[in-house]
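Student: Got a file for you: structure19.csv, CSV, C-alpha atoms and all ligand atoms.
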chain,number,residue,atom,x,y,z
U,1,MET,CA,-10.1,18.5,-4.2
U,2,THR,CA,-12.6,17.1,-1.7
U,3,GLU,CA,-13.9,13.6,-1.0
U,4,ASP,CA,-16.9,14.6,-3.2
U,5,ALA,CA,-14.6,14.9,-6.3
U,6,PRO,CA,-15.4,12.8,-9.3
U,7,ALA,CA,-13.5,9.6,-9.8
U,8,THR,CA,-10.0,9.6,-11.3
U,9,ASP,CA,-9.7,7.0,-14.1
U,10,LEU,CA,-7.0,4.7,-12.8
U,11,GLU,CA,-5.9,3.6,-16.3
U,12,THR,CA,-5.5,7.2,-17.4
U,13,LEU,CA,-3.6,8.1,-14.2
U,14,VAL,CA,-1.1,5.3,-14.7
U,15,ALA,CA,-1.0,5.2,-18.5
U,16,ASP,CA,2.5,6.8,-18.8
U,17,LEU,CA,4.1,4.7,-16.0
U,18,GLU,CA,6.6,2.0,-17.0
U,19,PRO,CA,7.1,-0.8,-16.1
U,20,ARG,CA,3.5,-1.7,-15.0
U,21,ARG,CA,4.7,-2.6,-11.5
U,22,ALA,CA,3.5,-1.3,-8.2
U,23,LEU,CA,4.8,-1.6,-4.6
U,24,VAL,CA,2.4,-1.0,-1.7
U,25,MET,CA,4.1,-0.4,1.7
U,26,VAL,CA,2.1,-0.6,4.9
U,27,ALA,CA,2.6,-1.2,8.6
U,28,HIS,CA,0.3,-4.2,9.5
U,29,PRO,CA,-1.3,-7.2,7.9
U,30,ASP,CA,-4.7,-5.9,6.8
U,31,ASP,CA,-3.7,-2.2,6.3
U,32,ALA,CA,-3.4,-2.5,2.6
U,33,ASP,CA,-6.7,-4.3,2.3
U,34,PHE,CA,-8.6,-1.6,4.2
U,35,GLY,CA,-6.7,1.2,2.5
U,36,CYS,CA,-6.2,0.2,-1.1
U,37,ALA,CA,-7.4,-3.4,-1.9
U,38,GLY,CA,-9.7,-2.0,-4.6
U,39,THR,CA,-6.9,-0.1,-6.3
U,40,MET,CA,-4.6,-3.1,-6.0
U,41,ALA,CA,-7.3,-5.3,-7.6
U,42,LEU,CA,-7.9,-2.9,-10.4
U,43,LEU,CA,-4.2,-2.7,-11.1
U,44,CYS,CA,-3.9,-6.5,-11.1
U,45,LYS,CA,-6.9,-6.8,-13.5
U,46,ALA,CA,-5.2,-4.3,-15.8
U,47,GLY,CA,-2.2,-6.6,-16.0
U,48,TRP,CA,0.0,-4.9,-13.4
U,49,GLU,CA,2.4,-6.8,-11.1
U,50,VAL,CA,1.6,-5.7,-7.6
U,51,ASP,CA,3.9,-6.3,-4.6
U,52,LEU,CA,3.1,-5.7,-1.0
U,53,LEU,CA,5.5,-5.0,1.8
U,54,VAL,CA,4.2,-5.3,5.4
U,55,ALA,CA,6.5,-3.9,8.0
U,56,THR,CA,5.2,-5.8,11.1
U,57,ASN,CA,3.9,-9.3,11.7
U,58,GLY,CA,0.8,-7.9,13.5
U,59,ASN,CA,1.7,-9.6,16.7
U,60,LYS,CA,-0.2,-7.3,19.0
U,61,GLY,CA,-3.5,-7.0,17.2
U,62,THR,CA,-5.8,-9.0,19.5
U,63,LYS,CA,-7.9,-8.6,22.7
U,64,ASP,CA,-7.7,-12.4,23.2
U,65,LEU,CA,-5.8,-13.0,26.4
U,66,ASN,CA,-5.1,-16.7,25.5
U,67,ARG,CA,-3.2,-15.9,22.4
U,68,THR,CA,0.5,-15.3,22.3
U,69,GLY,CA,2.1,-12.7,20.0
U,70,GLN,CA,4.0,-15.4,18.2
U,71,GLN,CA,0.8,-17.5,17.5
U,72,LEU,CA,-1.0,-14.3,16.3
U,73,ALA,CA,1.9,-13.3,14.0
U,74,ALA,CA,1.8,-16.7,12.2
U,75,VAL,CA,-2.0,-16.4,11.8
U,76,ARG,CA,-1.9,-12.8,10.6
U,77,GLU,CA,0.8,-13.4,8.0
U,78,GLU,CA,-1.2,-16.3,6.6
U,79,GLU,CA,-4.3,-14.2,6.5
U,80,GLN,CA,-2.4,-11.5,4.6
U,81,ARG,CA,-1.1,-14.1,2.1
U,82,GLN,CA,-4.7,-15.3,1.4
U,83,ALA,CA,-6.0,-11.7,1.1
U,84,ALA,CA,-3.2,-10.9,-1.4
U,85,ALA,CA,-4.0,-14.1,-3.4
U,86,ILE,CA,-7.7,-13.0,-3.7
U,87,LEU,CA,-6.6,-9.7,-5.3
U,88,GLY,CA,-3.9,-11.1,-7.5
U,89,VAL,CA,-1.2,-9.5,-5.6
U,90,ASN,CA,2.2,-11.3,-5.3
U,91,GLU,CA,3.3,-13.1,-2.2
U,92,PRO,CA,3.7,-10.4,0.5
U,93,ILE,CA,7.1,-9.4,1.8
U,94,PHE,CA,7.1,-9.3,5.6
U,95,LEU,CA,9.8,-7.3,7.3
U,96,GLY,CA,8.8,-8.9,10.7
U,97,PHE,CA,9.0,-5.9,13.0
U,98,PRO,CA,6.7,-6.2,16.1
U,99,ASP,CA,3.5,-4.1,16.3
U,100,GLY,CA,4.4,-0.7,17.7
U,101,GLY,CA,8.0,-1.2,16.7
U,102,VAL,CA,8.1,0.6,13.4
U,103,GLU,CA,10.7,3.4,13.3
U,104,ASN,CA,11.6,5.6,10.4
U,105,ASP,CA,15.3,4.9,11.0
U,106,GLY,CA,18.3,3.8,8.8
U,107,GLU,CA,17.5,0.1,9.2
U,108,LEU,CA,13.9,0.4,8.0
U,109,ARG,CA,14.7,2.8,5.2
U,110,GLY,CA,17.5,0.4,4.1
U,111,LEU,CA,15.1,-2.5,3.9
U,112,VAL,CA,12.6,-0.4,1.9
U,113,VAL,CA,15.3,0.9,-0.4
U,114,ARG,CA,16.4,-2.7,-1.1
U,115,GLU,CA,12.9,-3.6,-2.1
U,116,LEU,CA,12.5,-0.5,-4.3
U,117,ARG,CA,15.8,-1.3,-6.0
U,118,ARG,CA,15.0,-5.0,-6.4
U,119,LEU,CA,11.3,-4.7,-7.6
U,120,ARG,CA,11.7,-1.4,-9.4
U,121,PRO,CA,8.1,-0.3,-9.3
U,122,SER,CA,6.9,2.7,-11.3
U,123,LEU,CA,4.1,3.3,-8.8
U,124,ALA,CA,4.4,3.3,-5.0
U,125,ILE,CA,1.6,3.4,-2.5
U,126,THR,CA,1.9,4.1,1.2
U,127,PHE,CA,0.3,5.9,4.1
U,128,ASP,CA,0.3,9.7,4.4
U,129,GLY,CA,2.8,9.9,7.2
U,130,PHE,CA,2.4,13.6,7.5
U,131,ARG,CA,-1.3,13.6,8.2
U,132,PRO,CA,-2.2,15.8,11.1
U,133,GLY,CA,-4.5,14.5,13.9
U,134,PHE,CA,-5.0,10.9,15.0
U,135,ASN,CA,-2.9,8.4,13.2
U,136,HIS,CA,-1.4,5.0,14.3
U,137,ARG,CA,2.3,5.6,15.0
U,138,ASP,CA,3.3,2.6,12.9
U,139,HIS,CA,1.3,4.0,9.9
U,140,ARG,CA,3.0,7.4,10.3
U,141,GLU,CA,6.5,5.8,10.6
U,142,ILE,CA,6.2,3.4,7.5
U,143,GLY,CA,4.6,6.3,5.5
U,144,ARG,CA,7.6,8.6,6.3
U,145,ALA,CA,10.2,5.8,5.9
U,146,ALA,CA,8.7,4.9,2.5
U,147,TYR,CA,8.7,8.6,1.5
U,148,ASP,CA,12.3,9.1,2.6
U,149,ALA,CA,13.4,5.9,1.0
U,150,ILE,CA,12.0,6.9,-2.4
U,151,TYR,CA,13.4,10.4,-2.1
U,152,PRO,CA,16.4,10.6,-2.1
U,153,ALA,CA,17.8,7.3,-0.9
U,154,ALA,CA,16.7,4.7,-3.4
U,155,ASP,CA,17.9,6.6,-6.4
U,156,ASP,CA,21.3,7.8,-5.1
U,157,HIS,CA,23.8,5.0,-5.2
U,158,LEU,CA,25.8,6.3,-2.2
U,159,PHE,CA,22.9,5.6,0.0
U,160,TYR,CA,23.2,1.9,1.1
U,161,PRO,CA,26.1,1.3,-1.3
U,162,GLU,CA,26.3,-2.3,-0.1
U,163,HIS,CA,23.2,-3.0,-2.3
U,164,ARG,CA,25.5,-2.8,-5.3
U,165,GLU,CA,27.2,-6.0,-4.3
U,166,GLU,CA,23.8,-7.7,-4.5
U,167,GLY,CA,23.5,-6.4,-8.1
U,168,LEU,CA,20.9,-3.8,-7.2
U,169,ARG,CA,20.8,-0.5,-9.1
U,170,PRO,CA,19.4,2.9,-8.0
U,171,HIS,CA,15.7,3.4,-8.7
U,172,ARG,CA,12.9,5.8,-8.2
U,173,PRO,CA,9.2,5.3,-8.8
U,174,ASP,CA,7.5,7.9,-11.0
U,175,MET,CA,4.5,8.3,-8.8
U,176,LEU,CA,3.6,7.9,-5.1
U,177,LEU,CA,0.1,7.7,-3.9
U,178,LEU,CA,-0.5,8.5,-0.2
U,179,SER,CA,-3.4,6.8,1.5
U,180,GLY,CA,-5.3,8.5,4.3
U,181,ALA,CA,-4.3,12.0,3.1
U,182,PRO,CA,-6.5,14.8,4.3
U,183,ASP,CA,-6.4,16.5,0.9
U,184,PRO,CA,-6.7,13.7,-1.7
U,185,ASP,CA,-6.4,14.6,-5.4
U,186,VAL,CA,-7.0,11.0,-6.6
U,187,VAL,CA,-10.3,9.3,-6.0
U,188,ILE,CA,-10.6,5.8,-7.4
U,189,ASP,CA,-14.0,4.3,-8.0
U,190,ILE,CA,-13.7,0.7,-6.6
U,191,GLU,CA,-17.3,-0.4,-7.1
U,192,PRO,CA,-16.3,-2.8,-10.0
U,193,VAL,CA,-14.0,-4.7,-7.6
U,194,LEU,CA,-15.9,-4.1,-4.3
U,195,ASP,CA,-16.5,-7.9,-3.9
U,196,LEU,CA,-12.7,-8.5,-4.1
U,197,LYS,CA,-11.9,-5.8,-1.6
U,198,VAL,CA,-14.5,-7.2,0.9
U,199,ALA,CA,-13.2,-10.7,0.4
U,200,ALA,CA,-9.7,-9.6,1.0
U,201,ILE,CA,-10.8,-7.8,4.2
U,202,THR,CA,-12.8,-10.8,5.5
U,203,ALA,CA,-9.7,-13.0,4.9
U,204,HIS,CA,-8.3,-11.3,8.0
U,205,VAL,CA,-10.4,-13.5,10.2
U,206,SER,CA,-8.5,-12.7,13.4
U,207,GLN,CA,-9.3,-9.0,12.9
U,208,VAL,CA,-12.9,-9.0,11.5
U,209,GLY,CA,-14.2,-11.9,13.6
U,210,GLY,CA,-15.0,-14.4,10.9
U,211,ARG,CA,-17.7,-12.4,9.2
U,212,SER,CA,-18.6,-13.7,5.7
U,213,THR,CA,-17.9,-11.8,2.6
U,214,GLU,CA,-21.7,-11.6,1.8
U,215,GLU,CA,-22.5,-10.3,5.3
U,216,MET,CA,-19.8,-7.7,5.0
U,217,LEU,CA,-20.8,-6.7,1.5
U,218,ARG,CA,-24.4,-6.1,2.6
U,219,TRP,CA,-23.1,-4.0,5.5
U,220,TRP,CA,-21.1,-1.9,3.1
U,221,ARG,CA,-23.9,-1.5,0.6
U,222,GLU,CA,-26.4,-0.4,3.4
U,223,ARG,CA,-24.0,2.4,4.4
U,224,ALA,CA,-22.9,3.7,1.0
U,225,GLY,CA,-23.7,7.4,0.6
U,226,ASP,CA,-25.7,9.0,-2.3
U,227,GLY,CA,-23.6,12.1,-2.6
U,228,PRO,CA,-21.6,13.1,-5.6
U,229,GLY,CA,-18.5,11.1,-6.6
U,230,PRO,CA,-18.2,7.3,-6.5
U,231,ARG,CA,-20.2,5.4,-3.8
U,232,TYR,CA,-17.2,3.2,-3.0
U,233,ARG,CA,-13.9,4.9,-3.3
U,234,GLU,CA,-10.2,4.9,-2.3
U,235,SER,CA,-8.6,8.3,-2.1
U,236,PHE,CA,-5.0,9.3,-2.3
U,237,ARG,CA,-2.7,12.4,-2.5
U,238,SER,CA,-0.4,11.9,-5.5
U,239,VAL,CA,3.2,12.9,-5.5
U,240,THR,CA,5.4,12.9,-8.6
U,241,TRP,CA,9.1,13.9,-9.0
U,242,GLU,CA,10.2,16.5,-11.5
U,243,ARG,CA,13.4,14.5,-12.3
U,244,ALA,CA,11.5,11.3,-12.9
U,245,ARG,CA,9.1,13.1,-15.3
U,246,ARG,CA,12.0,14.7,-17.2
U,247,SER,CA,13.8,11.4,-17.7
U,248,ARG,CA,10.6,9.8,-18.9
U,249,ASP,CA,10.1,12.6,-21.4
U,250,ALA,CA,13.7,12.2,-22.5
U,251,ARG,CA,13.2,8.5,-23.1
U,252,ARG,CA,10.2,9.3,-25.3
U,253,SER,CA,11.9,11.9,-27.5
S,1,ZN,ZN,-2.6,-0.7,10.8
Please render this file's structure as structure tokens.

Tutor:
Amino acid sequence: MTEDAPATDLETLVADLEPRRALVMVAHPDDADFGCAGTMALLCKAGWEVDLLVATNGNKGTKDLNRTGQQLAAVREEEQRQAAAILGVNEPIFLGFPDGGVENDGELRGLVVRELRRLRPSLAITFDGFRPGFNHRDHREIGRAAYDAIYPAADDHLFYPEHREEGLRPHRPDMLLLSGAPDPDVVIDIEPVLDLKVAAITAHVSQVGGRSTEEMLRWWRERAGDGPGPRYRESFRSVTWERARRSRDARRS
């Protein structure tokens, strides 16, 4: 499927997923808003609980020589909280790694596994960590860590067995959507919530320079293409697991 593909109906795509809970896992404050704010807003409008995990505190995202990393981290976390509130997303979870310090290692996977077991989403969204070509290292690392945490770690109790003492049980989402994939098979038409996406992006004042939502919306509208498929879109590669599908079918029969 190419970027010119017709839109996927989000409601149909997620109709079989239970519970209606999604977890979005990204590297930096603002990543989720650029990548999938429209999809998050549509899910929230459809009554889904949407949680957001942000691996870093964004402490290097500035060219301002007078700003310390610590000051910036506090500002960026607050901007991310405000952006989430605009979309209806729950209070974000910050893992607090420094920018550039995201590693797909046992520590990060353990933290991701804990959130998967605690929040128990049926739908997970993260970066395509396997995308060839240019990609921010932190995006690649969180994408791969989330992928590896979902399969096999989170659903096998002998991975991070200490979670049992916290009352957490194994869990695997039924569907994973990979943002930034070169070969998307899911194209979401986000035009109905474009204003919310743009408002969420402009909440990141330290990154977009205090542009107003109206100004940004105008800028987006002027640049929208006329080709086939939705004018405003978020695209993903979907991954599902055979075992998850089987157990869902078994629950139904
Ligand atoms: Zn980023």

Student: Name the closest residue to U:Asn59 among the candidates U:Asn90, U:Ser206, U:Ser212, U:Ser238; distances are taken between atoms, counting only C-alpha atoms.

Tutor: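 Under the stated criterion, the closest residue is U:Ser206.
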
Student: Could you name the residues that touch stretch 10-12 of chain U at 10 Å or less, counting all atoms listed in the file, but leaving out those on the same chain fewer than 6 positions away, as a PyMOL selection string?

Tutor: chain U and resi 39+42-43+46+186-190

Student: Taking all atoms listed in the file into account, which residues are within 8 Å of ligand ZN 1 (chain S), as a list in words?

Tutor: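 Every residue with an atom at most 8 Å from ligand ZN 1 (chain S) is listed here: Val26, Ala27, His28, Pro29, Asp30, Asp31, His136, Asp138 and His139 of chain U.
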
Student: Between U:Pro98, U:Pro192, U:Gly180, U:Gly129, which one has atoms that come closest to U:Arg144, using all atoms listed in the file?

Tutor: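 Among the listed residues, U:Gly129 lies closest to U:Arg144.
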
Student: Could you list, with a cut-off of 12 Å and counting all atoms listed in the file, the residues of stretch 5-65 of chain U near stretch 69-75 of chain U, each shown with its nearest atom pair and the distance in Å rounded to one decimal, rows sorted by chain and ascending number, as a tab-separated table?

Tutor:
residue	atom	partner	partner_atom	distance
U:His28	CA	U:Ala73	CA	10.3
U:Pro29	CA	U:Ala73	CA	9.2
U:Asp30	CA	U:Val75	CA	11.9
U:Val54	CA	U:Ala73	CA	12.0
U:Thr56	CA	U:Ala73	CA	8.7
U:Asn57	CA	U:Ala73	CA	5.0
U:Gly58	CA	U:Ala73	CA	5.5
U:Asn59	CA	U:Gly69	CA	4.5
U:Lys60	CA	U:Gly69	CA	6.0
U:Gly61	CA	U:Leu72	CA	7.8
U:Thr62	CA	U:Leu72	CA	7.8
U:Lys63	CA	U:Leu72	CA	11.0
U:Asp64	CA	U:Leu72	CA	9.8
U:Leu65	CA	U:Gly69	CA	10.2

Student: U:Leu123, U:Ala200, U:Leu217, U:Ala145: which is nearest U:Trp241, counting all atoms listed in the file?

Tutor: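 When distances to U:Trp241 are compared using all atoms listed in the file, the smallest one comes from U:Leu123.
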